[in-house]
Amino acid sequence: MNDISQALHMALTLLIQLDAGLVEIVRLSLEVSLSAVGLASLIGLPLGGAIALFRFPGRRALAVLLSALMGLPPVVVGLLVYLLLSRAGPLGVLGLLFTPTAMVIAQTILVAPIVAALARQVIEDLWAEYREQLTSLGAKPGHALWTLLWDGRFSLVTAVLAGFGRASAEVGAVMIVGGNIDHVTRVMTTAIALETSKGDLALALGLGFILIALSLVINGAAFLLRDAARQGH
Amino acid sequence: MANGAILPLRLESVCYDTAGKRLIDALSLSLSSGPRTVILGPNGAGKSLTLRLCHGLLAPTAGAVRWLGPGGAEAARRQAMVFQRPVMLRRSAAANIDYALKLQRIPHARRVVRIREVLEETGLTPLARHAARHLSIGEQQRLALSRAWATAPEVLFLDEPTASLDPTATRAVEEIISAIDLSGTKIIMTTHDLSQARRLADEIVFLHRGRLMEQRPAAEFFASPATAEAAAFIEGRLQW
């Protein structure tokens, strides 16, 4: 019990003093996860919308696949990206393994299906409401897609936030492709795993607090946005 | 009005089935420019379906919908429709109209002028910058009318445009419909409301159970309906 309260005390001290090592780790975590979520949104939002709007062979299968991929185990994604980027792998020449870029790639793969699957749901509902009106106004499906993405923006932000929650919380993928190298690829989750096993509970706890706070902020924002969406702009 | 009129519109033995049920049965009729046409009939007569078939939102199971005018090839972009429940995009009232004009590739300068004009004509100028979804249902329907009117369509379809409105909003919408008619746009609307049909119709298309019963000038139709169904409907005792 004493250990824990001591660790708590030290963790709070680290936070209040804005410890340089802690700040570095938090900044890299945010950089990696935000980049991954940005890329995943660029891919996932139009992809989900397209599956909702366009009728093509294999559309249902693709929708099911996307939903299944939402629960992709991070370690498996890490392993696949590791195989791709390792020296002997097809993309080995790029020398990306154990860099933040590799971590962004892995998290993008992890998050894109989440964003796409949630976006598909949102856009499908919206399309049911808008279909006749947009068709009547002369919007081709390609044009309608952008209209729906814009009109669904409040609901779609929650899809993106769900993706960010996933990216910032996962440890398996970034551990494997990043390698948890100090000052290079160490992020909050991998640092917590390492420091805990080393017995340095203060840093681990401090990072844990930040992660939880981040998750609270994200969910709070999602809540507010959903409210805004319900009011219907 | 570049390449000539798209009217007249002809329906040739149009049938529409869904789930094995025939909802529109061998409907043939011709609609030409000029008179305000009201498609009248009890609930379930197939009025809205007929409008959607005319507007191209639904494809007939059998038969054909043809625009016979010299501009017929361009029919799709020369017609507009206002629905019973307007669907407003999540943007301002003015931006909703702008969206429709952009789809018609109308240049910016002309869009600005046109938006101002139609907002003025529908009494919505003070609400131009308001979020369209925050307007009352009556205001939304007026905005739907201005959005449809903005592109100066040759034909305007209206599907029970006042069915969800109170009497004041209904009167406002009817006045706008009359103004659109005066501007030279052919009005084709559905209603189940007899008094509204009397107020607005020049010509009545009376449907019952997916079949055309009568197509006649409104005055004649109301004075001496030719079919027993129409007579019963006018007297308010048509049993479905």
# chains A, B, ... in the order shown; residues from 1 in each chain; ligands from 1
>>> interface_residues(of="chain A", to="chain B", cutoff="12 Å", atoms="only C-alpha atoms", output="CSV table (one decimal) with C-alpha atoms, in the first residue's frame")
chain,number,residue,atom,x,y,z
A,126,LEU,CA,-28.5,9.7,-43.8
A,127,TRP,CA,-28.8,8.4,-47.4
A,128,ALA,CA,-32.1,6.9,-46.5
A,129,GLU,CA,-33.3,10.3,-45.5
A,130,TYR,CA,-31.7,12.3,-48.3
A,131,ARG,CA,-31.9,10.0,-51.3
A,132,GLU,CA,-35.0,11.2,-53.1
A,133,GLN,CA,-34.2,14.9,-52.4
A,134,LEU,CA,-30.6,14.7,-53.7
A,135,THR,CA,-31.6,12.6,-56.7
A,136,SER,CA,-34.4,15.1,-57.4
A,137,LEU,CA,-31.9,18.0,-57.2
A,138,GLY,CA,-29.8,16.2,-59.8
A,139,ALA,CA,-26.9,15.1,-57.5
A,140,LYS,CA,-24.9,12.2,-58.9
A,143,HIS,CA,-21.5,14.3,-55.5
A,144,ALA,CA,-24.0,13.0,-53.0
A,147,THR,CA,-22.8,16.1,-49.4
A,148,LEU,CA,-23.6,13.3,-47.0
A,149,LEU,CA,-20.1,13.4,-45.4
A,150,TRP,CA,-20.5,17.1,-44.8
A,151,ASP,CA,-24.0,16.8,-43.5
A,152,GLY,CA,-23.1,13.9,-41.3
A,153,ARG,CA,-20.1,15.7,-39.9
A,154,PHE,CA,-21.3,15.8,-36.3
A,228,ALA,CA,-25.0,19.3,-31.2
A,229,ALA,CA,-25.9,16.8,-34.0
A,230,ARG,CA,-29.2,16.0,-32.3
A,231,GLN,CA,-30.1,19.7,-32.3
A,232,GLY,CA,-29.6,19.4,-36.0
A,233,HIS,CA,-27.7,22.4,-36.9
>>> residues_around(residues="B:Leu31", least_positions_apart="4", cutoff="10 Å", atoms="only C-alpha atoms", output="PyMOL selection string")
chain B and resi 7-11+35-37+67+186+188+203+205+215
>>> write_last_selection(atoms="N, CA and C atoms", output="compact mmCIF listing (two decimals), in the first residue's frame")
# COMPACT_ATOMS: atom_id res chain seq x y z
N LEU B 7 -42.16 19.52 -72.04
CA LEU B 7 -43.54 19.07 -72.07
C LEU B 7 -44.00 18.94 -73.52
N PRO B 8 -45.01 18.18 -73.82
CA PRO B 8 -45.85 17.41 -72.89
C PRO B 8 -45.19 16.14 -72.35
N LEU B 9 -45.76 15.72 -71.22
CA LEU B 9 -45.32 14.49 -70.58
C LEU B 9 -46.37 13.42 -70.83
N ARG B 10 -45.90 12.26 -71.30
CA ARG B 10 -46.87 11.20 -71.56
C ARG B 10 -46.51 9.93 -70.80
N LEU B 11 -47.51 9.39 -70.09
CA LEU B 11 -47.36 8.08 -69.45
C LEU B 11 -48.09 7.07 -70.32
N PRO B 35 -52.22 24.44 -67.71
CA PRO B 35 -53.08 24.31 -66.53
C PRO B 35 -52.34 23.71 -65.33
N ARG B 36 -52.73 24.16 -64.13
CA ARG B 36 -52.22 23.53 -62.92
C ARG B 36 -52.92 22.20 -62.76
N THR B 37 -52.15 21.13 -62.77
CA THR B 37 -52.72 19.79 -62.66
C THR B 37 -52.68 19.32 -61.22
N TRP B 67 -41.03 12.29 -72.16
CA TRP B 67 -41.11 13.74 -72.31
C TRP B 67 -41.07 14.02 -73.80
N LYS B 186 -44.93 24.80 -64.99
CA LYS B 186 -46.08 23.88 -64.94
C LYS B 186 -46.15 23.24 -63.56
N ILE B 188 -47.60 20.39 -61.12
CA ILE B 188 -48.26 19.09 -61.02
C ILE B 188 -48.18 18.68 -59.56
N GLU B 203 -56.89 21.57 -63.68
CA GLU B 203 -57.18 20.27 -64.27
C GLU B 203 -57.04 19.21 -63.18
N VAL B 205 -56.61 15.16 -62.19
CA VAL B 205 -56.37 13.76 -62.55
C VAL B 205 -56.83 12.97 -61.34
N GLN B 215 -59.63 12.39 -66.10
CA GLN B 215 -58.73 13.54 -66.28
C GLN B 215 -59.54 14.61 -67.00
>>> atom_distance(atom1="atom CA of A:Leu72", atom2="atom CA of A:Arg186")
22.4 Å
>>> residues_around(residues="stretch 218-231 of chain B", least_positions_apart="2", cutoff="10 Å", atoms="only C-alpha atoms", output="compact mmCIF listing (two decimals) with C-alpha atoms, in the first residue's frame")
# COMPACT_ATOMS: atom_id res chain seq x y z
CA PRO B 35 -53.08 24.31 -66.53
CA ARG B 36 -52.22 23.53 -62.92
CA THR B 37 -52.72 19.79 -62.66
CA VAL B 38 -53.85 18.33 -59.37
CA LEU B 40 -56.49 13.81 -56.58
CA GLY B 41 -57.59 10.67 -54.84
CA PRO B 42 -58.01 8.95 -51.48
CA LEU B 194 -60.68 18.45 -51.74
CA ALA B 197 -57.88 20.93 -55.05
CA ARG B 198 -60.79 23.30 -55.64
CA ARG B 199 -58.59 26.29 -54.80
CA LEU B 200 -55.58 25.34 -56.90
CA ALA B 201 -56.57 23.02 -59.71
CA ASP B 202 -57.20 23.91 -63.33
CA GLU B 203 -57.18 20.27 -64.27
CA ILE B 204 -57.91 17.18 -62.16
CA VAL B 205 -56.37 13.76 -62.55
CA PHE B 206 -58.46 11.50 -60.35
CA LEU B 207 -56.88 8.21 -59.28
CA HIS B 208 -58.42 5.33 -57.41
CA MET B 213 -60.58 7.30 -63.29
CA GLU B 214 -60.85 10.77 -64.79
CA GLN B 215 -58.73 13.54 -66.28
CA ARG B 216 -60.81 16.66 -66.84
CA PHE B 233 -65.00 10.99 -53.23
CA ILE B 234 -66.36 14.51 -53.73
CA GLU B 235 -69.25 13.77 -51.40
CA GLY B 236 -66.81 12.38 -48.84
CA ARG B 237 -68.22 8.85 -48.86
CA LEU B 238 -65.74 6.93 -50.97
CA GLN B 239 -65.11 3.61 -49.34
CA TRP B 240 -61.64 2.20 -49.98
>>> residues_around(residues="A:Leu207", least_positions_apart="5", cutoff="9 Å", atoms="only C-alpha atoms", output="VMD selection string")
chain A and resid 11 15 22 25 to 26 188 to 189 191 to 192 202 212
>>> write_last_selection(atoms="N, CA and C atoms", output="PDB file, in the first residue's frame")
ATOM      1  N   ALA A  11       4.176  10.372  -9.112  1.00  0.00           N
ATOM      2  CA  ALA A  11       3.528  10.560 -10.414  1.00  0.00           C
ATOM      3  C   ALA A  11       2.958  11.963 -10.530  1.00  0.00           C
ATOM      4  N   LEU A  15       3.917  15.063 -13.105  1.00  0.00           N
ATOM      5  CA  LEU A  15       2.910  15.765 -13.902  1.00  0.00           C
ATOM      6  C   LEU A  15       2.975  17.267 -13.672  1.00  0.00           C
ATOM      7  N   LEU A  22       8.646  12.726 -19.512  1.00  0.00           N
ATOM      8  CA  LEU A  22       7.206  12.459 -19.628  1.00  0.00           C
ATOM      9  C   LEU A  22       6.601  13.236 -20.790  1.00  0.00           C
ATOM     10  N   ILE A  25       7.412  11.746 -24.162  1.00  0.00           N
ATOM     11  CA  ILE A  25       6.637  10.543 -24.461  1.00  0.00           C
ATOM     12  C   ILE A  25       5.200  10.892 -24.863  1.00  0.00           C
ATOM     13  N   VAL A  26       4.622  11.829 -24.114  1.00  0.00           N
ATOM     14  CA  VAL A  26       3.237  12.220 -24.421  1.00  0.00           C
ATOM     15  C   VAL A  26       3.165  12.842 -25.805  1.00  0.00           C
ATOM     16  N   MET A 188       3.246   6.378 -24.706  1.00  0.00           N
ATOM     17  CA  MET A 188       2.674   6.206 -23.369  1.00  0.00           C
ATOM     18  C   MET A 188       2.411   4.746 -23.025  1.00  0.00           C
ATOM     19  N   THR A 189       1.748   4.049 -23.945  1.00  0.00           N
ATOM     20  CA  THR A 189       1.352   2.674 -23.602  1.00  0.00           C
ATOM     21  C   THR A 189       2.565   1.768 -23.467  1.00  0.00           C
ATOM     22  N   ALA A 191       5.592   2.672 -22.756  1.00  0.00           N
ATOM     23  CA  ALA A 191       6.346   3.094 -21.573  1.00  0.00           C
ATOM     24  C   ALA A 191       5.710   2.526 -20.310  1.00  0.00           C
ATOM     25  N   ILE A 192       4.382   2.555 -20.245  1.00  0.00           N
ATOM     26  CA  ILE A 192       3.705   2.007 -19.063  1.00  0.00           C
ATOM     27  C   ILE A 192       4.050   0.535 -18.908  1.00  0.00           C
ATOM     28  N   ALA A 202       6.071   5.083 -10.654  1.00  0.00           N
ATOM     29  CA  ALA A 202       5.715   6.504 -10.693  1.00  0.00           C
ATOM     30  C   ALA A 202       5.469   6.968 -12.116  1.00  0.00           C
ATOM     31  N   ILE A 212      -5.873   8.221 -19.132  1.00  0.00           N
ATOM     32  CA  ILE A 212      -7.272   8.230 -18.680  1.00  0.00           C
ATOM     33  C   ILE A 212      -7.903   9.605 -18.904  1.00  0.00           C
TER      34      ILE A 212
END
>>> residues_around(residues="A:Gly49", least_positions_apart="5", cutoff="8 Å", atoms="only C-alpha atoms", output="list in words")
Ala116, Ala119, Arg120, Ile123, Glu124, Leu145, Leu148 and Leu149 of chain A
>>> atom_distance(atom1="atom CA of A:Leu47", atom2="atom CA of A:Leu110")
15.0 Å
>>> residues_around(residues="B:Leu51", least_positions_apart="4", cutoff="8 Å", atoms="only C-alpha atoms", output="short mmCIF file (atom, residue, chain, number, x, y, z; two decimals) with C-alpha atoms, in the first residue's frame")
data_model
loop_
_atom_site.label_atom_id
_atom_site.label_comp_id
_atom_site.auth_asym_id
_atom_site.auth_seq_id
_atom_site.Cartn_x
_atom_site.Cartn_y
_atom_site.Cartn_z
CA LYS B 47 -50.81 9.66 -56.17
CA HIS B 55 -40.21 12.67 -61.91
CA PHE B 157 -43.92 18.37 -58.91
CA ASP B 159 -46.22 15.81 -53.30
CA MET B 189 -49.25 18.35 -57.45
CA THR B 190 -50.94 15.68 -55.42
#
>>> select_by_dssp(residues="stretch 7-220 of chain A", states="alpha helix (DSSP H)", output="PyMOL selection string")
chain A and resi 7-16+20-53+59-69+74-85+100-137+141-151+153-169+172-178+188-198+201-220
>>> residues_around(residues="A:Ala162", least_positions_apart="6", cutoff="9 Å", atoms="only C-alpha atoms", output="ChimeraX atom specification")
/A:111,114-115,118,218-219,222
>>> atom_distance(atom1="atom CA of B:Arg209", atom2="atom CA of B:Leu158")
20.1 Å
>>> closest_residue(among="B:Val14, B:Ala232, B:Ile187, B:Lys21", to="B:Ile39", atoms="only C-alpha atoms")
B:Ile187
>>> decode(residues="stretch 110-149 of chain A", atoms="C-alpha atoms", output="mmCIF file, in the first residue's frame")
data_model
loop_
_atom_site.group_PDB
_atom_site.id
_atom_site.type_symbol
_atom_site.label_atom_id
_atom_site.label_comp_id
_atom_site.auth_asym_id
_atom_site.auth_seq_id
_atom_site.Cartn_x
_atom_site.Cartn_y
_atom_site.Cartn_z
ATOM 1 C CA LEU A 110 -5.881 -0.645 -37.014
ATOM 2 C CA VAL A 111 -8.082 2.458 -37.052
ATOM 3 C CA ALA A 112 -9.204 2.766 -40.691
ATOM 4 C CA PRO A 113 -11.712 -0.129 -40.458
ATOM 5 C CA ILE A 114 -13.241 1.397 -37.329
ATOM 6 C CA VAL A 115 -13.710 4.770 -38.966
ATOM 7 C CA ALA A 116 -14.994 3.186 -42.188
ATOM 8 C CA ALA A 117 -17.469 0.853 -40.483
ATOM 9 C CA LEU A 118 -18.902 3.595 -38.282
ATOM 10 C CA ALA A 119 -19.015 6.034 -41.199
ATOM 11 C CA ARG A 120 -20.874 3.481 -43.307
ATOM 12 C CA GLN A 121 -23.579 3.269 -40.651
ATOM 13 C CA VAL A 122 -23.932 7.039 -40.369
ATOM 14 C CA ILE A 123 -23.974 7.644 -44.122
ATOM 15 C CA GLU A 124 -26.395 4.793 -44.757
ATOM 16 C CA ASP A 125 -28.943 6.287 -42.343
ATOM 17 C CA LEU A 126 -28.461 9.721 -43.828
ATOM 18 C CA TRP A 127 -28.805 8.433 -47.380
ATOM 19 C CA ALA A 128 -32.147 6.863 -46.536
ATOM 20 C CA GLU A 129 -33.344 10.319 -45.538
ATOM 21 C CA TYR A 130 -31.684 12.327 -48.326
ATOM 22 C CA ARG A 131 -31.853 9.975 -51.265
ATOM 23 C CA GLU A 132 -34.969 11.203 -53.052
ATOM 24 C CA GLN A 133 -34.228 14.867 -52.398
ATOM 25 C CA LEU A 134 -30.649 14.717 -53.663
ATOM 26 C CA THR A 135 -31.631 12.622 -56.671
ATOM 27 C CA SER A 136 -34.381 15.104 -57.434
ATOM 28 C CA LEU A 137 -31.927 18.005 -57.231
ATOM 29 C CA GLY A 138 -29.772 16.178 -59.762
ATOM 30 C CA ALA A 139 -26.875 15.106 -57.529
ATOM 31 C CA LYS A 140 -24.936 12.165 -58.939
ATOM 32 C CA PRO A 141 -23.924 9.549 -56.339
ATOM 33 C CA GLY A 142 -20.329 10.791 -56.362
ATOM 34 C CA HIS A 143 -21.490 14.285 -55.507
ATOM 35 C CA ALA A 144 -24.030 13.007 -52.994
ATOM 36 C CA LEU A 145 -21.207 11.224 -51.139
ATOM 37 C CA TRP A 146 -19.471 14.514 -50.316
ATOM 38 C CA THR A 147 -22.773 16.138 -49.404
ATOM 39 C CA LEU A 148 -23.555 13.335 -46.970
ATOM 40 C CA LEU A 149 -20.063 13.371 -45.450
#
